[in-house]
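The structure appears right after this line, and notes come after that.
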There are 2 protein chains.
Amino acid sequence: MSVRQGRGRARRAKQERRAISQDRPAWQLRNPYSPIEILSEDQVETIHLASLRVLEEYGVRMLHEGARDILRAAGAEVDAGTLRVRFDAALIEESIASAPSLVTLHARNPAHTVAMGQDRICFATVAGPPHCTDLERGRRAGTMADFDDFMRLGQAFEVIHLNGMPVEPMDIPPNVRHLNTAYAALTLTDKVPFVYSRGEQAVADVLEMVRIARQVSPEQFAREPSACTVVNANSPLQYDVPMAQGIIDMARAGQFTIVTPFTLAGAMAPITLAGALAQQNAEALAGIALAQIVRPGAPVGYGAFTSNVDMKSGAPAFGTPEYTKAALASGQLIRRYNVPYRSSNVNASNAPDAQAAYESMMSTWGALMGGCHVLLHGAGWLEGGLSASFEKFIIDIEILRMMAEFLQPLQVDEASLALDAIAEVGPGGHYFGAAHTLARFETAFWSPLLSDWRNYENWQESGAVDATQRAHNLYKQTLADFVPPSLDAAAREELEAFKVRREAEGGADIG
Amino acid sequence: MSVRQGRGRARRAKQERRAISQDRPAWQLRNPYSPIEILSEDQVETIHLASLRVLEEYGVRMLHEGARDILRAAGAEVDAGTLRVRFDAALIEESIASAPSLVTLHARNPAHTVAMGQDRICFATVAGPPHCTDLERGRRAGTMADFDDFMRLGQAFEVIHLNGMPVEPMDIPPNVRHLNTAYAALTLTDKVPFVYSRGEQAVADVLEMVRIARQVSPEQFAREPSACTVVNANSPLQYDVPMAQGIIDMARAGQFTIVTPFTLAGAMAPITLAGALAQQNAEALAGIALAQIVRPGAPVGYGAFTSNVDMKSGAPAFGTPEYTKAALASGQLIRRYNVPYRSSNVNASNAPDAQAAYESMMSTWGALMGGCHVLLHGAGWLEGGLSASFEKFIIDIEILRMMAEFLQPLQVDEASLALDAIAEVGPGGHYFGAAHTLARFETAFWSPLLSDWRNYENWQESGAVDATQRAHNLYKQTLADFVPPSLDAAAREELEAFKVRREAEGGADIG
């Protein structure tokens with residue numbers, strides 16, 4: 001290539017570069033793909049009708065007296081002896097019709113407000129594990145310091161949209177734990193927080209803290225959902241007191257509840273997927289109906305969590321083929337009700353290893369191609385949810401980054417078809433120096449964070465560090481580099497005063 | 001549960017068990033899902049037309065004189081100076097129309113005959129690496145002993161349908177290597193073998209050995225494709241002599257060729273996916289047209305391998321979001337031509353670790369949901385194809401087993417809806433002892449081979465062995481347990497005599 005040719009190429013490249021938009025993933029992800037369908041329309045209807053029959057004939061046991069009263073007043077039949085509540089089909093269909101199809105959750109940083117439903121999808125961190133683990137310190141009960149670190153990681157990565165409750169801080173007394181976790185979530189991050197449904201007082205405390213962090217009026221807060229909870233049915237066919245209370249409290253407050261039956265086929269649900277799905281659907285519809293009866297239009301999602309147990313050991317399995325099929329089938333059912341669909345990135349591995357990665361991929365593909373709108377446990381879940389892993393968190397961040405890029409459309413136009421470049425390079429040539437390449441090379445492709453693409457020799461020379469160890473290094477580095485998001489001084493002061501006062505008052509009885 | 005209840009349940013369970021079909025994956029897999037579409041119909045047509053323009057205006061350089069002559073005689077325009085062959089659209093469209101949409105490859109064991117195309121899909125082992133690696137012996141040049149071991153592994157797992165050339169046996173002289181690898185493939189396995197296109201004589205030798213192993217007449221062999229090769233275009237827009245020779249030889253022999261452009265975006269293809277796909281399509285159509293012109297109806301597949309290079313290092317990347325998108329888009333193009341679609345299970349990791357697993361999953365999901373019919377490199381590929389890994393082989397076997405189960409339909413009928421079981425168990429109960437469970441627990445769910453689902457304590461007590469180390473143990477155990485498939489004594493004798501004679505004759509000049 002002559003100097004003149006080189007200059008010409010560079011000039012053309014520069015001109016073209018200006019015209020190329022930076023189409024990296026935006027904060028709000030949209031899923032452009034049609035979901036994969038595993039059921040025929042008839043099969044969807046058959047499962048739907050089976051679940052209505054379960055609700056009408058067998059009913060759901062509601063341990064919460066207030067919930068029974070609300071449902072009786074709405075027309076459900078309550079058996080005072082068994083505490084079973086039976087719903088006829090019309091009551092279910094009419095109640096759930098008022099649930100919104102799109103929910104926008106408002107973060108204290110408006111740039112981190114996020115929507116879920118229709119084609120909008122978002123990713124959340126792990127929620128719930130009692131333990132946490134990393135390569136250096138091993139597996140241990142979670143502490144407040146670990147909770148804080150996971151909050152920092154969730155804030156640091158743009159591909160995380162929602163905080164979960166990544167690990168239980170066992171060193172904080174239960175009565176004030178909600179105050180401390182909410183304070184951490186609202187100061188170390190500016191993304192939408194998670195609320196545990198652990199009784200009326202705890203939920204009220206956390207929602208007030210979320211409102212304070214946003215510095216909005218109670219009226220605006222009630223209009224703008226700003227927090228998220230997950231309510232699990234105590235499958236089969238039962239809601240305990242704190243769970244039903246959570247549905248009621250969050251609906252009254254206009255906040256977002258994801259109703260998630262815990263239907264492990266072979267244990268808490270029939271061993272056949274169709275049966276587990278019918279039961280899941282019955283339980284979810286009962287919970288969604290309760291929310292809508294409490295407050296029509298309350299933001300509520302349908303969480304599908306159907307997996308299976310290992311029939312040899314009784315241990316739950318996650319990220320199995322059955323899990324993936326159930327995620328696809330659940331999406332088809334949920335689209336019938338037109339509410340946001342929550343699925344999960346789960347696995348049953350005991351280490352952040354190859355098994356954790358392929359099981360996570362199996363569940364995440366099922367979730368995304370099932371059309372889910374909220375991917376809970378998006379980063380950090382290990383051991384079937386018993387541990388939050390710092391290394392797995394980073395592995396998952398890479399998986400989510402890949403999926404976020406996969407959701408970006410493929411451009412086809414004259415410039416991207418590159419016929420001039422193909423002519424320029426010609427048979428047997430190479431594209432490294434082509435103007436078309438030079439104009440795009442900086443942003444053409446997705447860039448890895450964790451994946452190491454160097455050749456074997458370079459990788460070997462730099463210590464032959466595998467992905468799990470690299471994930472360890474990356475989580476440490478991310479924490480070392482962490483800068484907390486800015487928070488209005490008045491909001492911080494009010495938040496702290498609230499926390500101190502409520503701690504002094506003894507916190508809350510935890511349900 | 002009383003003894004009487006227990007007996008009643010057990011009896012019902014036994015009766016029901018008889019009625020439940022064992023619907024485990026059959027040998028021949030079928031893909032029941034509609035492929036994921038990333039391109040609109042207009043975009044598919046735009047890329048198709050762009051590729052026709054490339055073939056008509058720029059042409060493909062054919063280094064093989066015989067291939068140029070064949071194409072000239074068919075109506076293509078050959079430039080004697082540049083060796084470029086230009087095809088008009090009608091020549092391409094008319095030629096490729098004779099390619100069959102479904103190809104059945106006949107194994108020497110008829111139970112291992114396998115079809116690809118339409119809804120039939122099959123999985124092959126890795127093909128091509130010069131190195132192999134395992135945890136014990138590290139990374140090294142491949143040997144005949146390693147080749148044999150990979151053959152044994154490919155035979156041992158039912159989820160493998162086709163042999164690749166898993167590793168290059170560098171300890172065997174090139175002129176007789178094809179005789180030794182074919183002998184191993186035909187004695188250590190009874191599945192369909194792979195043939196390298198390394199010149200006319202080598203291909204003829206191997207095909208004769210495949211015919212001998214099947215003990216069929218030359219006429220029957222020509223009617224029944226029994227071997228598979230991959231021909232790579234020397235992208236951009238070029239076919240070298242051995243590759244074009246391979247297309248010609250295999251088409252004449254009625255054997256199966258997969259034409260696969262090597263279009264790494266940013267290096268051997270435009271940096272934009274649309275451009276890389278247009279070039280891939282032009283190269284593939286030229287190769288398929290050549291096969292059909294040589295022998296209309298010859299079994300030929302379209303291999304899509306478009307990925308991208310890391311623009312920082314120039315290293316190829318695999319299992320990226322771009323790779324997955326290209327796999328989906330390629331499926332849409334290939335369905336337009338109605339020929340079998342080959343995709344791959346690939347990754348760029350240097351170790352059989354979490355990265356290898358998630359990149360493999362990313363590519364395998366793209367392949368399957370892109371509608372591919374042959375998944376090459378299904379098991380064992382590492383380091384962007386430079387090493388065959390024994391541990392990765394087992395990790396991939398587990399991934400393929402999961403995908404094979406994922407392809408099985410979800411049953412929805414009265415028995416699987418389990419309404420009686422849901423009534424029997426009732427709110428807050430459990431399904432472990434239900435008759436519906438007892439009737440199905442042995443076969444209800446997919447069983448893992450590599451995945452460890454035990455709880456953390458049990459896993460820890462048994463040594464906290466991670467998936468990669470377990471894969472190592474499993475590959476060793478599989479080799480220790482290996483029993484070669486039976487082979488007719490006459491066939492073995494004839495095969496051995498052929499090999500000995502051809503070795504004595506000096507083997508073949510390798511192209």
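Following the order of the structure tokens, chains are lettered A, B, ..., residues in each are numbered from 1, and ligands are numbered from 1.
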Chain B residues within 6 Å of chain A, counting only C-alpha atoms: which ones, as an NGL selection string? :B and (236-238 or 266-268 or 271-272 or 274-275 or 321 or 348 or 350 or 353-355 or 357-358 or 402 or 406 or 412 or 416-418 or 427-428 or 430-432 or 437 or 453 or 456 or 467)
Polymer residues at most 8 Å from Thr187 (chain A), only C-alpha atoms, same-chain spacing of 6 or more positions, as JSON, numbers by chain: {"A": [484, 485, 487, 492]}
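Closest approach to Arg30 (chain A) from the set A:Gly380, A:Gly81, A:Gly371, A:Gly199 is made by A:Gly371, with distances taken over only C-alpha atoms.
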Name the residues in contact with Leu207 (chain A) at a cut-off of 12 Å, using only C-alpha atoms, excluding same-chain residues fewer than 2 positions from it; report them as a PDB file with N, CA and C atoms, in the first residue's frame.
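Result written to part-v2.pdb:
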```
ATOM      1  N   HIS A 178     -33.535  -4.928  58.291  1.00  0.00           N
ATOM      2  CA  HIS A 178     -34.131  -4.257  57.126  1.00  0.00           C
ATOM      3  C   HIS A 178     -33.686  -2.801  57.040  1.00  0.00           C
ATOM      4  N   LEU A 179     -33.490  -2.159  58.199  1.00  0.00           N
ATOM      5  CA  LEU A 179     -33.063  -0.753  58.195  1.00  0.00           C
ATOM      6  C   LEU A 179     -31.640  -0.623  57.663  1.00  0.00           C
ATOM      7  N   ALA A 182     -31.508  -1.579  53.807  1.00  0.00           N
ATOM      8  CA  ALA A 182     -32.089  -0.510  52.985  1.00  0.00           C
ATOM      9  C   ALA A 182     -31.148   0.689  52.941  1.00  0.00           C
ATOM     10  N   TYR A 183     -30.557   1.003  54.093  1.00  0.00           N
ATOM     11  CA  TYR A 183     -29.617   2.133  54.121  1.00  0.00           C
ATOM     12  C   TYR A 183     -28.439   1.877  53.174  1.00  0.00           C
ATOM     13  N   LEU A 186     -29.510   2.155  49.529  1.00  0.00           N
ATOM     14  CA  LEU A 186     -29.865   3.504  49.086  1.00  0.00           C
ATOM     15  C   LEU A 186     -28.688   4.473  49.123  1.00  0.00           C
ATOM     16  N   VAL A 192     -32.752   0.832  41.653  1.00  0.00           N
ATOM     17  CA  VAL A 192     -33.982   0.457  42.361  1.00  0.00           C
ATOM     18  C   VAL A 192     -33.688  -0.657  43.360  1.00  0.00           C
ATOM     19  N   PRO A 193     -34.129  -0.492  44.612  1.00  0.00           N
ATOM     20  CA  PRO A 193     -33.845  -1.504  45.642  1.00  0.00           C
ATOM     21  C   PRO A 193     -34.915  -2.583  45.762  1.00  0.00           C
ATOM     22  N   PHE A 194     -34.520  -3.629  46.460  1.00  0.00           N
ATOM     23  CA  PHE A 194     -35.359  -4.781  46.759  1.00  0.00           C
ATOM     24  C   PHE A 194     -35.863  -4.646  48.196  1.00  0.00           C
ATOM     25  N   VAL A 195     -37.074  -5.105  48.435  1.00  0.00           N
ATOM     26  CA  VAL A 195     -37.662  -5.085  49.775  1.00  0.00           C
ATOM     27  C   VAL A 195     -38.036  -6.512  50.132  1.00  0.00           C
ATOM     28  N   TYR A 196     -37.681  -6.975  51.328  1.00  0.00           N
ATOM     29  CA  TYR A 196     -38.176  -8.276  51.779  1.00  0.00           C
ATOM     30  C   TYR A 196     -39.552  -8.111  52.411  1.00  0.00           C
ATOM     31  N   SER A 197     -40.431  -9.047  52.103  1.00  0.00           N
ATOM     32  CA  SER A 197     -41.749  -9.029  52.745  1.00  0.00           C
ATOM     33  C   SER A 197     -41.650  -9.761  54.068  1.00  0.00           C
ATOM     34  N   GLU A 200     -45.486  -6.204  58.150  1.00  0.00           N
ATOM     35  CA  GLU A 200     -46.021  -4.899  57.798  1.00  0.00           C
ATOM     36  C   GLU A 200     -45.067  -3.761  58.177  1.00  0.00           C
ATOM     37  N   GLN A 201     -44.527  -3.837  59.409  1.00  0.00           N
ATOM     38  CA  GLN A 201     -43.689  -2.738  59.883  1.00  0.00           C
ATOM     39  C   GLN A 201     -42.395  -2.645  59.079  1.00  0.00           C
ATOM     40  N   ALA A 202     -41.773  -3.788  58.829  1.00  0.00           N
ATOM     41  CA  ALA A 202     -40.503  -3.791  58.080  1.00  0.00           C
ATOM     42  C   ALA A 202     -40.706  -3.248  56.676  1.00  0.00           C
ATOM     43  N   VAL A 203     -41.775  -3.660  56.023  1.00  0.00           N
ATOM     44  CA  VAL A 203     -42.042  -3.166  54.668  1.00  0.00           C
ATOM     45  C   VAL A 203     -42.293  -1.662  54.705  1.00  0.00           C
ATOM     46  N   ALA A 204     -43.079  -1.218  55.700  1.00  0.00           N
ATOM     47  CA  ALA A 204     -43.373   0.223  55.808  1.00  0.00           C
ATOM     48  C   ALA A 204     -42.086   1.020  56.028  1.00  0.00           C
ATOM     49  N   ASP A 205     -41.209   0.521  56.903  1.00  0.00           N
ATOM     50  CA  ASP A 205     -39.931   1.197  57.161  1.00  0.00           C
ATOM     51  C   ASP A 205     -39.114   1.340  55.866  1.00  0.00           C
ATOM     52  N   MET A 209     -37.951   4.678  53.648  1.00  0.00           N
ATOM     53  CA  MET A 209     -36.552   5.016  53.339  1.00  0.00           C
ATOM     54  C   MET A 209     -36.342   5.209  51.826  1.00  0.00           C
ATOM     55  N   VAL A 210     -37.003   4.378  51.043  1.00  0.00           N
ATOM     56  CA  VAL A 210     -36.884   4.528  49.582  1.00  0.00           C
ATOM     57  C   VAL A 210     -37.462   5.887  49.161  1.00  0.00           C
ATOM     58  N   ARG A 211     -38.594   6.250  49.760  1.00  0.00           N
ATOM     59  CA  ARG A 211     -39.214   7.550  49.451  1.00  0.00           C
ATOM     60  C   ARG A 211     -38.283   8.699  49.838  1.00  0.00           C
ATOM     61  N   ILE A 212     -37.678   8.581  51.028  1.00  0.00           N
ATOM     62  CA  ILE A 212     -36.757   9.636  51.482  1.00  0.00           C
ATOM     63  C   ILE A 212     -35.576   9.756  50.517  1.00  0.00           C
ATOM     64  N   ALA A 213     -35.026   8.622  50.118  1.00  0.00           N
ATOM     65  CA  ALA A 213     -33.862   8.657  49.210  1.00  0.00           C
ATOM     66  C   ALA A 213     -34.222   9.341  47.902  1.00  0.00           C
ATOM     67  N   ARG A 214     -35.461   9.137  47.454  1.00  0.00           N
ATOM     68  CA  ARG A 214     -35.888   9.786  46.210  1.00  0.00           C
ATOM     69  C   ARG A 214     -36.299  11.237  46.451  1.00  0.00           C
ATOM     70  N   VAL A 216     -39.190  12.451  47.325  1.00  0.00           N
ATOM     71  CA  VAL A 216     -40.469  12.762  46.683  1.00  0.00           C
ATOM     72  C   VAL A 216     -41.569  12.726  47.748  1.00  0.00           C
ATOM     73  N   PRO A 218     -45.183  11.659  49.535  1.00  0.00           N
ATOM     74  CA  PRO A 218     -45.894  10.374  49.634  1.00  0.00           C
ATOM     75  C   PRO A 218     -46.823  10.146  48.442  1.00  0.00           C
ATOM     76  N   PHE A 221     -44.740   9.174  45.480  1.00  0.00           N
ATOM     77  CA  PHE A 221     -44.190   7.832  45.712  1.00  0.00           C
ATOM     78  C   PHE A 221     -45.247   6.758  45.438  1.00  0.00           C
ATOM     79  N   ALA A 222     -46.485   7.038  45.829  1.00  0.00           N
ATOM     80  CA  ALA A 222     -47.565   6.059  45.611  1.00  0.00           C
ATOM     81  C   ALA A 222     -47.886   5.917  44.122  1.00  0.00           C
ATOM     82  N   GLU A 224     -45.551   6.355  41.753  1.00  0.00           N
ATOM     83  CA  GLU A 224     -44.352   5.914  41.037  1.00  0.00           C
ATOM     84  C   GLU A 224     -43.692   4.734  41.756  1.00  0.00           C
ATOM     85  N   PRO A 225     -43.933   3.519  41.293  1.00  0.00           N
ATOM     86  CA  PRO A 225     -43.308   2.361  41.941  1.00  0.00           C
ATOM     87  C   PRO A 225     -41.794   2.556  41.975  1.00  0.00           C
ATOM     88  N   SER A 226     -41.190   2.298  43.141  1.00  0.00           N
ATOM     89  CA  SER A 226     -39.770   2.604  43.330  1.00  0.00           C
ATOM     90  C   SER A 226     -39.033   1.481  44.030  1.00  0.00           C
ATOM     91  N   ALA A 227     -39.713   0.382  44.273  1.00  0.00           N
ATOM     92  CA  ALA A 227     -39.078  -0.745  44.950  1.00  0.00           C
ATOM     93  C   ALA A 227     -39.762  -2.019  44.481  1.00  0.00           C
ATOM     94  N   CYS A 228     -39.108  -3.121  44.737  1.00  0.00           N
ATOM     95  CA  CYS A 228     -39.535  -4.404  44.199  1.00  0.00           C
ATOM     96  C   CYS A 228     -39.450  -5.464  45.292  1.00  0.00           C
ATOM     97  N   THR A 229     -40.460  -6.319  45.390  1.00  0.00           N
ATOM     98  CA  THR A 229     -40.351  -7.469  46.290  1.00  0.00           C
ATOM     99  C   THR A 229     -40.722  -8.741  45.539  1.00  0.00           C
ATOM    100  N   GLY A 246     -47.217  -9.218  52.480  1.00  0.00           N
ATOM    101  CA  GLY A 246     -46.373  -8.507  51.512  1.00  0.00           C
ATOM    102  C   GLY A 246     -47.154  -8.093  50.279  1.00  0.00           C
ATOM    103  N   ASP A 249     -49.456  -5.206  51.434  1.00  0.00           N
ATOM    104  CA  ASP A 249     -48.746  -3.944  51.740  1.00  0.00           C
ATOM    105  C   ASP A 249     -48.209  -3.283  50.476  1.00  0.00           C
ATOM    106  N   MET A 250     -47.586  -4.075  49.654  1.00  0.00           N
ATOM    107  CA  MET A 250     -46.974  -3.502  48.454  1.00  0.00           C
ATOM    108  C   MET A 250     -48.051  -2.986  47.492  1.00  0.00           C
ATOM    109  N   ARG A 252     -51.043  -1.898  48.300  1.00  0.00           N
ATOM    110  CA  ARG A 252     -51.587  -0.651  48.880  1.00  0.00           C
ATOM    111  C   ARG A 252     -50.654   0.521  48.656  1.00  0.00           C
ATOM    112  N   ALA A 253     -49.351   0.256  48.746  1.00  0.00           N
ATOM    113  CA  ALA A 253     -48.356   1.324  48.577  1.00  0.00           C
ATOM    114  C   ALA A 253     -48.049   1.607  47.111  1.00  0.00           C
ATOM    115  N   GLY A 254     -48.666   0.852  46.203  1.00  0.00           N
ATOM    116  CA  GLY A 254     -48.411   1.061  44.769  1.00  0.00           C
ATOM    117  C   GLY A 254     -47.034   0.606  44.357  1.00  0.00           C
ATOM    118  N   GLN A 255     -46.437  -0.318  45.128  1.00  0.00           N
ATOM    119  CA  GLN A 255     -45.081  -0.787  44.818  1.00  0.00           C
ATOM    120  C   GLN A 255     -45.143  -2.162  44.139  1.00  0.00           C
ATOM    121  N   PHE A 256     -44.007  -2.594  43.599  1.00  0.00           N
ATOM    122  CA  PHE A 256     -43.990  -3.738  42.675  1.00  0.00           C
ATOM    123  C   PHE A 256     -43.758  -5.065  43.401  1.00  0.00           C
ATOM    124  N   LEU A 495     -32.322  10.215  55.752  1.00  0.00           N
ATOM    125  CA  LEU A 495     -32.247   8.753  55.722  1.00  0.00           C
ATOM    126  C   LEU A 495     -31.577   8.218  56.986  1.00  0.00           C
ATOM    127  N   PHE A 498     -33.734   8.720  60.063  1.00  0.00           N
ATOM    128  CA  PHE A 498     -34.824   7.741  60.099  1.00  0.00           C
ATOM    129  C   PHE A 498     -34.309   6.400  60.613  1.00  0.00           C
TER     130      PHE A 498
END
```
Could you give me the residues within region 141-302 of chain B that DSSP places in helix (DSSP H, G or I), as a ChimeraX atom specification? /B:144-156,174-187,200-214,218-223,241-253,273-294
If we count only C-alpha atoms and set the cut-off at 9 Å, which residues sit around Gly297 (chain B), ignoring sequence neighbours fewer than 2 positions away in its own chain? Please answer as number ranges by chain. B: 96-100, 251, 254, 291-292, 295, 299-300
Got time to write the residues from that selection, C-alpha atoms, as a PDB file, in the first residue's frame?
```pdb
ATOM      1  CA  ILE B  96     -28.017 -25.001  -6.144  1.00  0.00           C
ATOM      2  CA  ALA B  97     -31.646 -25.975  -6.767  1.00  0.00           C
ATOM      3  CA  SER B  98     -30.601 -29.622  -7.225  1.00  0.00           C
ATOM      4  CA  ALA B  99     -28.989 -29.895  -3.766  1.00  0.00           C
ATOM      5  CA  PRO B 100     -30.996 -32.207  -1.476  1.00  0.00           C
ATOM      6  CA  ALA B 251     -19.563 -34.909  -5.239  1.00  0.00           C
ATOM      7  CA  GLY B 254     -21.854 -39.125  -3.899  1.00  0.00           C
ATOM      8  CA  ALA B 291     -20.697 -29.559  -6.249  1.00  0.00           C
ATOM      9  CA  GLN B 292     -24.065 -29.507  -7.993  1.00  0.00           C
ATOM     10  CA  ARG B 295     -23.064 -34.015  -9.929  1.00  0.00           C
ATOM     11  CA  PRO B 299     -25.232 -34.218  -0.898  1.00  0.00           C
ATOM     12  CA  VAL B 300     -23.809 -30.884   0.178  1.00  0.00           C
TER      13      VAL B 300
END
```
Give me the residues near Ser95 (chain A) as a CSV table (one decimal) with N, CA and C atoms, in the first residue's frame, where near means some atom within 12 Å (using only C-alpha atoms) and where sequence neighbours in that chain fewer than 3 positions away do not count.
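Writing the result to result-v7.csv gives the following:
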```csv
chain,number,residue,atom,x,y,z
A,71,LEU,N,-60.5,-11.5,50.2
A,71,LEU,CA,-60.9,-12.3,49.1
A,71,LEU,C,-62.4,-12.7,49.2
A,74,ALA,N,-64.5,-10.0,48.0
A,74,ALA,CA,-64.5,-9.9,46.5
A,74,ALA,C,-65.3,-11.0,45.8
A,75,GLY,N,-65.8,-12.0,46.6
A,75,GLY,CA,-66.6,-13.0,46.0
A,75,GLY,C,-66.0,-14.4,46.1
A,76,ALA,N,-64.8,-14.6,46.6
A,76,ALA,CA,-64.2,-15.9,46.8
A,76,ALA,C,-64.9,-16.7,47.9
A,87,PHE,N,-61.6,-19.8,44.2
A,87,PHE,CA,-61.9,-18.7,43.3
A,87,PHE,C,-62.6,-19.2,42.1
A,88,ASP,N,-63.7,-18.6,41.6
A,88,ASP,CA,-64.3,-19.1,40.4
A,88,ASP,C,-63.5,-18.4,39.2
A,89,ALA,N,-63.7,-18.9,38.0
A,89,ALA,CA,-62.9,-18.4,36.9
A,89,ALA,C,-63.1,-17.0,36.6
A,90,ALA,N,-64.4,-16.5,36.7
A,90,ALA,CA,-64.7,-15.1,36.4
A,90,ALA,C,-64.0,-14.2,37.4
A,91,LEU,N,-63.9,-14.6,38.7
A,91,LEU,CA,-63.3,-13.7,39.7
A,91,LEU,C,-61.8,-13.6,39.3
A,92,ILE,N,-61.1,-14.7,39.0
A,92,ILE,CA,-59.7,-14.6,38.6
A,92,ILE,C,-59.5,-13.8,37.4
A,98,SER,N,-56.9,-6.1,35.5
A,98,SER,CA,-56.5,-4.7,35.8
A,98,SER,C,-55.0,-4.6,36.1
A,99,ALA,N,-54.2,-5.7,36.0
A,99,ALA,CA,-52.8,-5.6,36.3
A,99,ALA,C,-52.1,-5.0,35.1
A,100,PRO,N,-51.2,-4.0,35.3
A,100,PRO,CA,-50.6,-3.3,34.1
A,100,PRO,C,-49.6,-4.3,33.4
A,285,LEU,N,-51.8,-17.0,39.8
A,285,LEU,CA,-53.0,-16.2,39.6
A,285,LEU,C,-53.7,-15.8,40.9
A,286,ALA,N,-53.7,-16.7,41.9
A,286,ALA,CA,-54.3,-16.4,43.2
A,286,ALA,C,-53.6,-15.2,43.8
A,287,GLY,N,-52.3,-15.1,43.7
A,287,GLY,CA,-51.5,-14.0,44.3
A,287,GLY,C,-51.7,-12.7,43.6
A,288,ILE,N,-51.7,-12.8,42.2
A,288,ILE,CA,-51.9,-11.6,41.4
A,288,ILE,C,-53.4,-11.1,41.6
A,289,ALA,N,-54.3,-12.0,41.7
A,289,ALA,CA,-55.7,-11.6,41.9
A,289,ALA,C,-55.8,-10.9,43.3
A,290,LEU,N,-55.2,-11.4,44.3
A,290,LEU,CA,-55.2,-10.7,45.6
A,290,LEU,C,-54.7,-9.3,45.5
A,291,ALA,N,-53.5,-9.1,44.8
A,291,ALA,CA,-53.0,-7.8,44.7
A,291,ALA,C,-53.9,-6.8,43.9
A,292,GLN,N,-54.6,-7.3,42.9
A,292,GLN,CA,-55.5,-6.5,42.1
A,292,GLN,C,-56.8,-6.2,42.9
A,293,ILE,N,-57.2,-7.1,43.7
A,293,ILE,CA,-58.4,-6.9,44.5
A,293,ILE,C,-58.1,-5.8,45.6
A,294,VAL,N,-56.9,-5.9,46.2
A,294,VAL,CA,-56.5,-4.9,47.1
A,294,VAL,C,-56.4,-3.5,46.5
A,295,ARG,N,-55.8,-3.4,45.3
A,295,ARG,CA,-55.7,-2.1,44.6
A,295,ARG,C,-55.6,-2.4,43.1
A,296,PRO,N,-56.8,-2.3,42.4
A,296,PRO,CA,-56.7,-2.5,40.9
A,296,PRO,C,-55.7,-1.6,40.3
A,297,GLY,N,-54.9,-2.3,39.4
A,297,GLY,CA,-53.8,-1.5,38.8
A,297,GLY,C,-52.5,-1.6,39.5
A,298,ALA,N,-52.5,-2.2,40.7
A,298,ALA,CA,-51.2,-2.3,41.4
A,298,ALA,C,-50.2,-3.0,40.5
A,337,TYR,N,-51.8,-13.5,30.2
A,337,TYR,CA,-52.3,-12.6,31.2
A,337,TYR,C,-51.7,-11.2,31.1
```
Among A:Asn31, A:Asn281, A:Thr181, A:Ser389, Ala367 (chain A) is approached most closely, using only C-alpha atoms, by A:Asn31
Residues near Val103 (chain A), cut-off 7 Å, only C-alpha atoms, skip fewer than 2 positions along chain, as a PyMOL selection string: chain A and resi 100-101+105+115-117+299
